[in-house]
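Structure first, then comments.
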Amino acid sequence: MKLKDNLIAEHNQRSIDLHRSKFEFLKTQIIDFESIISKLIDFQIAIPSWALGNGGTRFGRFPGGGEPRNLEEKIEDVGLIHKLNQSGNAISLHIPWDIPKDYQAIRDLAKEHGLRFDAMNSNTFQDQKGQEESYKYGSLQHVDPAVRKQAIDHNIEVIKHGIELGSKSLTVWLADGSCFPGQLNFRTAFQNTLASLREIYASLPEDWKMFIEYKAYEPNFYSTTVGDWGQSLLYASKLGPKAFTLVDLGHHLPNANIEQIVSLLLMEGKLGGFHFNDSKYGDDDLTAGSIKPYQLFLIFNELIEGMNDRKMNHANDLGWMIDASHNVKDPLEDLLQSVEAIMIAYTQALIVDRAALKEAQLKNDVARAQEILQDSFRTDVRPLVAEARLRAGGALDPIGLFRKLEVRQELIKERGFETVATGL
Ligand SMILES: [Mn+2]
């Protein structure tokens with residue numbers, strides 16, 4: 001299913017007056033709004049192929065109908081999101097769930113929807129049918145070299161698929177770890193993992209990046225072999241200049257100061273990218289900004305400060321991706337909400353008065369520093385985000401249009417109700 005340009009234009013026409021009045025009011029409060037709008041138009045967030053269907057939990061899964069049945073339909077769904085908001089121009093694939101049969105056809109289809117291929121994701125956290133060795137006791141950390149070799153070969157295969165599609169990065173997330181004290185030797189597990197990662201790293205093309213994602217716990221509940229940003233940074237530092245730490249917002253112990261982690265990783269030139277989501281307790285994979293919007297803003301505040309300091313390009317120098325799972329919402333509506341929340345937090349961070357904040361810090365004016373940050377956070381920047389979307393050709397109200405056009409009902413008609421997005 002593809003949305004026609006005239007439908008978007010008609011939809012925008014109906015609410016343009018209200019938008020204009022909100023935007024005009026906001027313009028009076030923001031000095032360099034034109035430069036912010038152009039940054040917003042450039043800023044794109046990758047959508048993971050596995051977030052397009054209902055993920056469910058270990059207790060159950062409640063299908064919403066019309067889910068994509070194959071890679072082609074996943075690309076079409078991301079195309080729908082991008083058409084509506086003009087902020088999601090990339091898809092992140094997961095191997096083996098998304099192995100392309102015909103690279104050229106897949107490349108052409110993505111191009112037709114204005115999409116590129118973001119980071120490739122390998123999978124050594126579950127056994128595939130017919131697989132020789134089991135990952136029950138880990139993959140890259142495994143005590144048996146045959147299991148490690150199988151996991152290394154899989155990652156190299158993922159890189160090869162990515163080269164064919166024009167991707168430029170590999171994300172390695174490992175479920176490796178242990179469930180009980182004494183199950184493994186921490187140093188041996190680390191060293192085996194490092195040696196395995198070195199072999200994968202050696203297969204990376206020159207212009208590729210390797211993202212090493214950490215996670216505090218789950219599915220292993222006693223130790224995780226890439227358990228936190230310190231461990232990820234150790235691997236990334238030992239591997240070399242193409243290896244970076246990837247921060248998934250849900251992969252920390254409760255109340256971790258993620259903004260501080262981000263700041264220091266940026267300082268070390270080792271922050272690779274993000275997996276956005278939100279959580280109340282653990283790796284809840286909820287919609288970005290749905291639980292802790294202030295934290296999301298504070299993270300962006302550190303990102304902007306640190307990226308500006310290193311003269312980095314906001315849009316391209318880090319990997320921006322959503323990693324979420326949906327159980328009760330329409331996955332496409334949820335992803336539209338996540339992208340919107342990310343754009344809002346980015347905009348709020350862009351309007352922080354950095355000179356004033358620095359001055360407050362130098363004077364130890366703690367109250368003033370808080371005022372500056374919260375003044376930005378409490379500014380309703382939604383008209384600015386909507387204006388950027390409008391200028392880029394998107395819808396003023398993406399979810400409103402999604403519902404008005406009955407996109408989900410159309411997808412159910414096309415694909416059926418009892419569909420399962422592959423891999424979920
Ligand atoms: Mn993740």
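By convention here, the chains of the structure tokens are called A, B, ... in the order presented, each chain's residues are numbered starting at 1, and ligands are numbered starting at 1 in the order presented.
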| field | Spatial neighbours of Ile30 in chain A, 12 Å, only C-alpha atoms, chain gap at least 3 places, as a PyMOL selection string | value | chain A and resi 23-27+33-37+347-348+350-353+375-376+379-381+383-384
| request: as a PyMOL selection string, please: all residues of range 122-235 of chain A that backbone DSSP puts in strand (DSSP E or B). | output: chain A and resi 169-173+177-178+209-213+223-224
| task | Grab me every residue within 8 Å of ligand 1, counting only C-alpha atoms and all ligand atoms, and send it over as a list in words. | result |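 Counting only C-alpha atoms and all ligand atoms, the residues within 8 Å of ligand 1 come out as Trp173, Glu213, Val247, Asp248, Leu249, Gly250, His251, His275, Phe276, Ile322, Asp323 and Ala324 of chain A.
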| message | So, with only C-alpha atoms as the atoms that count, which of A:Ala216, A:Leu115, A:Leu396, A:Ile106 lies closest to Asp283 in chain A? | response |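 Of the candidates, the smallest distance to Asp283 in chain A is held by A:Ala216.
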What's the 9 Å shell around Gln295 in chain A, counting only C-alpha atoms, without same-chain residues fewer than 4 positions away, as a PDB file with N, CA and C atoms, in the first residue's frame?
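Output contents, as saved in out18.pdb:
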ATOM      1  N   ASN A 257      22.086   6.808  35.165  1.00  0.00           N
ATOM      2  CA  ASN A 257      22.166   8.148  34.580  1.00  0.00           C
ATOM      3  C   ASN A 257      22.664   8.010  33.137  1.00  0.00           C
ATOM      4  N   ILE A 258      21.731   7.766  32.241  1.00  0.00           N
ATOM      5  CA  ILE A 258      22.108   7.475  30.847  1.00  0.00           C
ATOM      6  C   ILE A 258      22.720   8.706  30.183  1.00  0.00           C
ATOM      7  N   GLU A 259      22.243   9.901  30.540  1.00  0.00           N
ATOM      8  CA  GLU A 259      22.796  11.107  29.917  1.00  0.00           C
ATOM      9  C   GLU A 259      24.281  11.279  30.230  1.00  0.00           C
ATOM     10  N   GLY A 289       9.761   8.132  24.852  1.00  0.00           N
ATOM     11  CA  GLY A 289       9.159   9.334  25.440  1.00  0.00           C
ATOM     12  C   GLY A 289       7.827   9.115  26.134  1.00  0.00           C
ATOM     13  N   ILE A 299      19.067  13.398  27.651  1.00  0.00           N
ATOM     14  CA  ILE A 299      19.996  12.631  26.809  1.00  0.00           C
ATOM     15  C   ILE A 299      20.318  13.440  25.552  1.00  0.00           C
ATOM     16  N   PHE A 300      19.300  13.974  24.919  1.00  0.00           N
ATOM     17  CA  PHE A 300      19.548  14.791  23.721  1.00  0.00           C
ATOM     18  C   PHE A 300      20.346  16.050  24.055  1.00  0.00           C
TER      19      PHE A 300
END
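Proximity to Lys238 in chain A was assessed for A:Ala355, A:Ala195, A:Leu170, A:Val226 counting only C-alpha atoms; the smallest distance is recorded for A:Ala195.
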| What residues in range 131-247 of chain A get the DSSP label helix (DSSP H, G or I)? Please answer as number ranges by chain. | A: 145-165, 186-202, 229-239
Export of prior selection with N, CA and C atoms as a short mmCIF file (atom, residue, chain, number, x, y, z; two decimals), in the first residue's frame:
data_model
loop_
_atom_site.label_atom_id
_atom_site.label_comp_id
_atom_site.auth_asym_id
_atom_site.auth_seq_id
_atom_site.Cartn_x
_atom_site.Cartn_y
_atom_site.Cartn_z
N PRO A 145 34.95 -24.05 20.87
CA PRO A 145 35.33 -23.24 19.70
C PRO A 145 34.41 -23.46 18.50
N ALA A 146 33.77 -24.64 18.40
CA ALA A 146 32.88 -24.90 17.25
C ALA A 146 31.65 -23.99 17.31
N VAL A 147 31.16 -23.75 18.52
CA VAL A 147 29.99 -22.86 18.67
C VAL A 147 30.42 -21.43 18.34
N ARG A 148 31.59 -21.04 18.85
CA ARG A 148 32.08 -19.68 18.57
C ARG A 148 32.24 -19.48 17.07
N LYS A 149 32.79 -20.49 16.41
CA LYS A 149 33.01 -20.36 14.96
C LYS A 149 31.69 -20.20 14.21
N GLN A 150 30.70 -20.97 14.64
CA GLN A 150 29.39 -20.85 13.98
C GLN A 150 28.83 -19.42 14.14
N ALA A 151 28.99 -18.86 15.35
CA ALA A 151 28.47 -17.50 15.62
C ALA A 151 29.28 -16.44 14.86
N ILE A 152 30.58 -16.67 14.75
CA ILE A 152 31.43 -15.73 13.99
C ILE A 152 31.03 -15.77 12.52
N ASP A 153 30.90 -16.99 12.00
CA ASP A 153 30.53 -17.14 10.57
C ASP A 153 29.18 -16.48 10.28
N HIS A 154 28.25 -16.61 11.23
CA HIS A 154 26.93 -15.99 11.04
C HIS A 154 27.08 -14.46 10.93
N ASN A 155 27.87 -13.86 11.83
CA ASN A 155 28.05 -12.41 11.78
C ASN A 155 28.71 -11.97 10.47
N ILE A 156 29.64 -12.77 9.98
CA ILE A 156 30.31 -12.44 8.72
C ILE A 156 29.31 -12.53 7.56
N GLU A 157 28.42 -13.51 7.65
CA GLU A 157 27.36 -13.64 6.62
C GLU A 157 26.44 -12.42 6.65
N VAL A 158 26.15 -11.93 7.87
CA VAL A 158 25.29 -10.75 8.01
C VAL A 158 25.95 -9.54 7.34
N ILE A 159 27.26 -9.41 7.54
CA ILE A 159 27.99 -8.30 6.90
C ILE A 159 27.85 -8.41 5.38
N LYS A 160 27.96 -9.64 4.86
CA LYS A 160 27.88 -9.83 3.40
C LYS A 160 26.52 -9.41 2.86
N HIS A 161 25.44 -9.78 3.57
CA HIS A 161 24.10 -9.33 3.15
C HIS A 161 24.06 -7.80 3.16
N GLY A 162 24.63 -7.21 4.20
CA GLY A 162 24.60 -5.75 4.35
C GLY A 162 25.35 -5.05 3.23
N ILE A 163 26.49 -5.62 2.82
CA ILE A 163 27.26 -5.02 1.72
C ILE A 163 26.40 -4.96 0.46
N GLU A 164 25.68 -6.05 0.21
CA GLU A 164 24.82 -6.11 -0.98
C GLU A 164 23.73 -5.05 -0.96
N LEU A 165 23.28 -4.68 0.26
CA LEU A 165 22.16 -3.74 0.37
C LEU A 165 22.62 -2.30 0.56
N PHE A 186 34.31 -15.38 34.38
CA PHE A 186 34.06 -14.07 33.77
C PHE A 186 35.15 -13.69 32.77
N ARG A 187 36.43 -13.91 33.19
CA ARG A 187 37.52 -13.48 32.30
C ARG A 187 37.59 -14.32 31.04
N THR A 188 37.36 -15.63 31.19
CA THR A 188 37.38 -16.49 30.00
C THR A 188 36.26 -16.10 29.04
N ALA A 189 35.07 -15.82 29.61
CA ALA A 189 33.94 -15.43 28.76
C ALA A 189 34.27 -14.14 28.03
N PHE A 190 34.87 -13.19 28.74
CA PHE A 190 35.23 -11.91 28.11
C PHE A 190 36.26 -12.14 27.00
N GLN A 191 37.29 -12.93 27.31
CA GLN A 191 38.36 -13.13 26.34
C GLN A 191 37.90 -13.91 25.11
N ASN A 192 37.07 -14.91 25.33
CA ASN A 192 36.50 -15.63 24.18
C ASN A 192 35.68 -14.69 23.31
N THR A 193 34.88 -13.85 23.97
CA THR A 193 34.04 -12.91 23.23
C THR A 193 34.89 -11.92 22.45
N LEU A 194 35.92 -11.41 23.10
CA LEU A 194 36.81 -10.46 22.43
C LEU A 194 37.48 -11.10 21.21
N ALA A 195 37.99 -12.32 21.38
CA ALA A 195 38.66 -13.00 20.27
C ALA A 195 37.68 -13.23 19.11
N SER A 196 36.44 -13.59 19.45
CA SER A 196 35.43 -13.81 18.41
C SER A 196 35.11 -12.49 17.70
N LEU A 197 34.93 -11.42 18.49
CA LEU A 197 34.63 -10.11 17.90
C LEU A 197 35.76 -9.65 16.99
N ARG A 198 37.00 -9.98 17.37
CA ARG A 198 38.15 -9.59 16.52
C ARG A 198 38.04 -10.22 15.13
N GLU A 199 37.59 -11.47 15.09
CA GLU A 199 37.45 -12.14 13.78
C GLU A 199 36.36 -11.50 12.94
N ILE A 200 35.28 -11.11 13.61
CA ILE A 200 34.19 -10.43 12.88
C ILE A 200 34.67 -9.06 12.40
N TYR A 201 35.35 -8.37 13.30
CA TYR A 201 35.88 -7.03 12.99
C TYR A 201 36.79 -7.07 11.76
N ALA A 202 37.56 -8.14 11.66
CA ALA A 202 38.49 -8.27 10.53
C ALA A 202 37.75 -8.38 9.20
N TRP A 229 28.00 -0.23 29.82
CA TRP A 229 28.73 0.60 28.87
C TRP A 229 30.25 0.47 29.07
N GLY A 230 30.67 0.18 30.28
CA GLY A 230 32.10 0.02 30.55
C GLY A 230 32.66 -1.20 29.82
N GLN A 231 31.90 -2.28 29.89
CA GLN A 231 32.34 -3.51 29.21
C GLN A 231 32.30 -3.33 27.69
N SER A 232 31.24 -2.68 27.22
CA SER A 232 31.15 -2.43 25.77
C SER A 232 32.32 -1.55 25.31
N LEU A 233 32.61 -0.53 26.12
CA LEU A 233 33.71 0.38 25.77
C LEU A 233 35.06 -0.36 25.77
N LEU A 234 35.22 -1.32 26.69
CA LEU A 234 36.44 -2.12 26.72
C LEU A 234 36.61 -2.89 25.40
N TYR A 235 35.54 -3.57 24.99
CA TYR A 235 35.59 -4.31 23.72
C TYR A 235 35.88 -3.35 22.57
N ALA A 236 35.12 -2.25 22.52
CA ALA A 236 35.24 -1.31 21.39
C ALA A 236 36.65 -0.72 21.34
N SER A 237 37.21 -0.43 22.49
CA SER A 237 38.57 0.16 22.53
C SER A 237 39.60 -0.85 22.07
N LYS A 238 39.45 -2.10 22.51
CA LYS A 238 40.43 -3.12 22.14
C LYS A 238 40.31 -3.51 20.66
N LEU A 239 39.09 -3.42 20.12
CA LEU A 239 38.89 -3.84 18.72
C LEU A 239 39.49 -2.86 17.74
#
| field | For Ala288 in chain A: contacts at 12 Å, only C-alpha atoms, fewer than 5 positions along chain excluded, given as JSON, numbers by chain | value | {"A": [248, 249, 250, 274, 275, 276, 277, 278, 279, 280, 293, 294, 295, 296, 297, 321, 322, 323, 324, 325, 326, 334, 335, 336, 337, 338, 339, 340, 341, 342, 343, 344, 345]}
Filtering to C-alpha atoms, could you give me those residues as a PDB file, in the first residue's frame?
ATOM      1  CA  ASP A 248      19.845   0.980  24.087  1.00  0.00           C
ATOM      2  CA  LEU A 249      17.831   3.066  26.534  1.00  0.00           C
ATOM      3  CA  GLY A 250      16.160   0.008  28.064  1.00  0.00           C
ATOM      4  CA  PHE A 274      21.187   4.617  19.865  1.00  0.00           C
ATOM      5  CA  HIS A 275      18.304   2.295  20.265  1.00  0.00           C
ATOM      6  CA  PHE A 276      15.381   4.421  21.409  1.00  0.00           C
ATOM      7  CA  ASN A 277      12.564   3.088  23.548  1.00  0.00           C
ATOM      8  CA  ASP A 278      11.220   3.784  27.020  1.00  0.00           C
ATOM      9  CA  SER A 279      10.708   1.771  30.149  1.00  0.00           C
ATOM     10  CA  LYS A 280       9.306   1.841  33.623  1.00  0.00           C
ATOM     11  CA  PRO A 293      10.236  12.361  28.374  1.00  0.00           C
ATOM     12  CA  TYR A 294      12.486  14.522  30.576  1.00  0.00           C
ATOM     13  CA  GLN A 295      15.171  11.843  30.527  1.00  0.00           C
ATOM     14  CA  LEU A 296      14.936  11.664  26.741  1.00  0.00           C
ATOM     15  CA  PHE A 297      15.400  15.430  26.605  1.00  0.00           C
ATOM     16  CA  MET A 321      17.349   3.775  15.635  1.00  0.00           C
ATOM     17  CA  ILE A 322      14.196   2.734  17.417  1.00  0.00           C
ATOM     18  CA  ASP A 323      14.214  -0.641  19.135  1.00  0.00           C
ATOM     19  CA  ALA A 324      10.793  -1.357  20.505  1.00  0.00           C
ATOM     20  CA  SER A 325       8.193  -4.044  20.709  1.00  0.00           C
ATOM     21  CA  HIS A 326       4.471  -3.591  20.682  1.00  0.00           C
ATOM     22  CA  ASP A 334       3.436   3.391  17.987  1.00  0.00           C
ATOM     23  CA  LEU A 335       6.421   3.979  15.712  1.00  0.00           C
ATOM     24  CA  LEU A 336       4.963   7.305  14.549  1.00  0.00           C
ATOM     25  CA  GLN A 337       4.643   8.301  18.212  1.00  0.00           C
ATOM     26  CA  SER A 338       8.225   7.229  18.962  1.00  0.00           C
ATOM     27  CA  VAL A 339       9.638   9.208  16.046  1.00  0.00           C
ATOM     28  CA  GLU A 340       7.616  12.258  17.113  1.00  0.00           C
ATOM     29  CA  ALA A 341       8.886  11.982  20.708  1.00  0.00           C
ATOM     30  CA  ILE A 342      12.486  11.750  19.477  1.00  0.00           C
ATOM     31  CA  MET A 343      12.045  14.785  17.210  1.00  0.00           C
ATOM     32  CA  ILE A 344      10.516  16.779  20.075  1.00  0.00           C
ATOM     33  CA  ALA A 345      13.374  15.908  22.463  1.00  0.00           C
TER      34      ALA A 345
END
| Which polymer residues have any atom within 7 Å of an atom of range 76-82 of chain A, counting only C-alpha atoms, with same-chain residues fewer than 6 positions away left out, as a PyMOL selection string? | chain A and resi 1-2+47+88-89+91+113+332+336
Output of the above residues as a CSV table (one decimal), in the first residue's frame, restricted to N, CA and C atoms:
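Full text of again.csv as output:
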chain,number,residue,atom,x,y,z
A,1,MET,N,0.8,-1.2,0.0
A,1,MET,CA,0.0,0.0,0.0
A,1,MET,C,0.9,1.3,0.0
A,2,LYS,N,0.5,2.2,-0.8
A,2,LYS,CA,1.3,3.5,-0.9
A,2,LYS,C,0.3,4.6,-0.8
A,47,ILE,N,14.0,2.6,11.4
A,47,ILE,CA,13.0,1.7,11.9
A,47,ILE,C,13.4,0.3,11.8
A,88,GLY,N,11.7,9.0,8.8
A,88,GLY,CA,12.1,7.6,9.0
A,88,GLY,C,12.6,7.0,7.7
A,89,ASN,N,13.7,7.5,7.2
A,89,ASN,CA,14.1,7.1,5.8
A,89,ASN,C,15.0,5.8,5.8
A,91,ILE,N,15.6,1.5,7.1
A,91,ILE,CA,15.1,0.3,7.8
A,91,ILE,C,16.3,-0.5,8.3
A,113,HIS,N,10.6,3.6,-2.1
A,113,HIS,CA,10.0,4.2,-0.9
A,113,HIS,C,10.9,5.3,-0.3
A,332,LEU,N,2.4,0.6,13.8
A,332,LEU,CA,2.7,1.8,13.0
A,332,LEU,C,2.4,3.0,13.7
A,336,LEU,N,5.2,5.9,14.8
A,336,LEU,CA,5.0,7.3,14.5
A,336,LEU,C,5.1,8.1,15.8
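Closest approach to Lys404 in chain A from the set A:Thr245, A:Leu7, A:Asn313, A:Gln128 is made by A:Leu7, with distances taken over only C-alpha atoms.
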| Non-local contacts of Asp144 in chain A (10 Å; only C-alpha atoms; under 6 positions in same chain excluded) as an MDAnalysis selection string | chainID A and resid 133 137:138 192
